[in-house]
Every structure is written in structure tokens, then in C-alpha cells.
Amino acid sequence: MSRVVYRGELATFCGFLGVLIILAPGGSEPLSVYYLLALLGALFGAGINVTIRMLSSSERTETILLYQALVLFTALIIPTVIWWTPPTLEQWGLLTVIGVSGTAAQFLVTRAYQIGEASALAPLDFTLLLVAVITGFAFFGEIPDWRTMLGAMIVVGATLYTIRRNSAPHLVKSDPP
């Protein structure tokens with residue numbers, strides 16, 4: 001099993017290299033505060049994943065989602081009260097779609113961490129990059145440059161390798177309590 005974990009970690013590293021190719025630190029654009037915010041977001045995201053992984057052995061999926069909601073509510077209530085602007089009816093509809101789809105996605109991610117191995121799931125986080133590229137093109141008309149395409153191909157390759165490699169039945173854990 002350690003051989004599979006090693007390969008999973010190698011695939012994760014390759015996916016990270018793909019992301020670095022896309023970001024091109026030290027490339028044509030100067031390092032900006034937005035890169036630092038992205039790294040901070042990744043750090044918090046990793047913290048969330050570790051916390052979910054730790055809680056998934058003892059808590060139900062619904063309980064973990066409740067904990068997350070309480071933490072986010074506590075963190076966001078003050079800025080919300082300070083800068084609140086009443087949404088329009090259309091915006092309420094969009095907020096409802098975002099809330100329902102976001103909750104469903106978080107439920108599925110939490111459940112995946114309860115069932116699967118963390119090393120098998122980690123490279124899948126890199127697929128968010130592809131979603132961002134597709135969204136940028138579909139909604140903003142942004143066309144990815146060659147560096148983005150190369151990095152995306154590496155990310156997709158690492159993800160597909162990991163999915164295929166970790167699809168063996170012996171890597172799936174039993175259901176949590």
C-alpha cells in the first residue's frame with residue numbers, strides 16, 4: 001500500500017507543478033497581493049480538508065456541515081452586518097442556487113473524505129483550476145494562454161492517473177459510524 005500512497009503523492013506533486021506553470025511565479029507578471037491571497041486561500045482550504053478528514057472518523061457528514069456553518073456564520077456575521085446591502089429578487093434567486101449547490105458540493109466532498117483515502121482525493125482539488133478556466137472563458141471571454149493550457153494538461157493527467165490508480169477496491173475504507 002505504501003507504493004500506492006507514494007504514487008498518489010507523486011501525482012499530487014505533479015498537479016501542483018501544473019498549477020505553478022499556470023501561475024508562473026517570476027514570469028512576465030510581477031508578484032502581486034493576489035498571489036498571496038490565493039496562497040492564503042489554499043492554506044485555509046488545506047486546513048478545512050485536514051479538519052474534515054479528522055472529524056470524518058468520528059462524526060456524521062451532517063454534523064461536520066453544521067460545524068462548518070457555525071464557524072462561517074461566526075466569522076462572517078460582523079462583516080455582513082457592517083456592509084449589508086439588501087439583495088434584489090434576482091439576486092436572492094442566485095444566492096439560493098449558490099447556497100444549495102455549495103451545500104451539496106460540500107456534502108459530497110465531506111462524504112468523499114469519509115469513504116476514500118486522502119492521498120487519492122488530494123489531486124482532485126486541482127480540477128478546480130479547470131473549472132476556473134472554463135468559467136473564465138464562458139462568462140468573461142478569457143482565452144487561456146499556452147502556459148495555462150500546458151499546466152492544465154499536467155493537472156488533468158495527474159488527476160486521471162490518480163483516479164485510475166486508486167480505483168482499486170482495497171483502497172476504499174468502510175463506512176464511518
# chains A, B, ... in the order shown; residues from 1 in each chain; ligands from 1
call {"tool": "residues_around", "arguments": {"residues": "segment 49-64 of chain A", "least_positions_apart": "2", "cutoff": "6 Å", "atoms": "only C-alpha atoms", "output": "CSV table (one decimal) with N, CA and C atoms, in the first residue's frame"}}
result
chain,number,residue,atom,x,y,z
A,46,ALA,N,-6.6,23.8,2.7
A,46,ALA,CA,-5.9,22.6,3.3
A,46,ALA,C,-6.3,22.4,4.7
A,47,GLY,N,-6.4,23.4,5.5
A,47,GLY,CA,-6.9,23.3,6.9
A,47,GLY,C,-8.3,22.7,7.0
A,66,LEU,N,-22.7,21.1,9.8
A,66,LEU,CA,-23.2,22.0,10.8
A,66,LEU,C,-22.1,22.8,11.5
A,67,TYR,N,-21.0,22.1,11.8
A,67,TYR,CA,-19.8,22.7,12.4
A,67,TYR,C,-19.3,23.8,11.5
A,113,TYR,N,-14.3,12.3,1.7
A,113,TYR,CA,-13.2,12.2,2.7
A,113,TYR,C,-13.5,11.1,3.7
A,114,GLN,N,-14.8,10.8,4.0
A,114,GLN,CA,-15.1,9.8,4.9
A,114,GLN,C,-14.9,8.4,4.3
A,176,PRO,N,-18.1,5.1,7.8
A,176,PRO,CA,-17.8,5.6,9.2
A,176,PRO,C,-19.1,5.3,10.0
call {"tool": "select_by_dssp", "arguments": {"residues": "chain A", "states": "helix (DSSP H, G or I)", "output": "VMD selection string"}}
result
chain A and resid 2 to 23 33 to 55 61 to 83 89 to 115 118 to 140 146 to 165 169 to 171
call {"tool": "residues_around", "arguments": {"residues": "Trp146 of chain A", "least_positions_apart": "4", "cutoff": "9 Å", "atoms": "only C-alpha atoms", "output": "PDB file with all heavy atoms, in the first residue's frame"}}
result
ATOM      1  N   ILE A  22       0.999  27.369 -14.484  1.00  0.00           N
ATOM      2  CA  ILE A  22      -0.073  28.316 -14.819  1.00  0.00           C
ATOM      3  C   ILE A  22       0.167  29.666 -14.150  1.00  0.00           C
ATOM      4  O   ILE A  22       0.032  30.712 -14.780  1.00  0.00           O
ATOM      5  CB  ILE A  22      -1.435  27.738 -14.426  1.00  0.00           C
ATOM      6  CG1 ILE A  22      -1.756  26.526 -15.304  1.00  0.00           C
ATOM      7  CG2 ILE A  22      -2.542  28.777 -14.537  1.00  0.00           C
ATOM      8  CD1 ILE A  22      -2.923  25.701 -14.835  1.00  0.00           C
ATOM      9  N   LEU A 150      -0.791  24.248 -20.896  1.00  0.00           N
ATOM     10  CA  LEU A 150       0.199  23.241 -20.518  1.00  0.00           C
ATOM     11  C   LEU A 150      -0.005  22.802 -19.069  1.00  0.00           C
ATOM     12  O   LEU A 150      -0.032  21.606 -18.758  1.00  0.00           O
ATOM     13  CB  LEU A 150       1.619  23.787 -20.715  1.00  0.00           C
ATOM     14  CG  LEU A 150       2.758  22.874 -20.247  1.00  0.00           C
ATOM     15  CD1 LEU A 150       2.762  21.575 -21.048  1.00  0.00           C
ATOM     16  CD2 LEU A 150       4.093  23.594 -20.341  1.00  0.00           C
ATOM     17  N   GLY A 151      -0.149  23.776 -18.175  1.00  0.00           N
ATOM     18  CA  GLY A 151      -0.374  23.451 -16.763  1.00  0.00           C
ATOM     19  C   GLY A 151      -1.658  22.665 -16.568  1.00  0.00           C
ATOM     20  O   GLY A 151      -1.707  21.710 -15.785  1.00  0.00           O
TER      21      GLY A 151
END
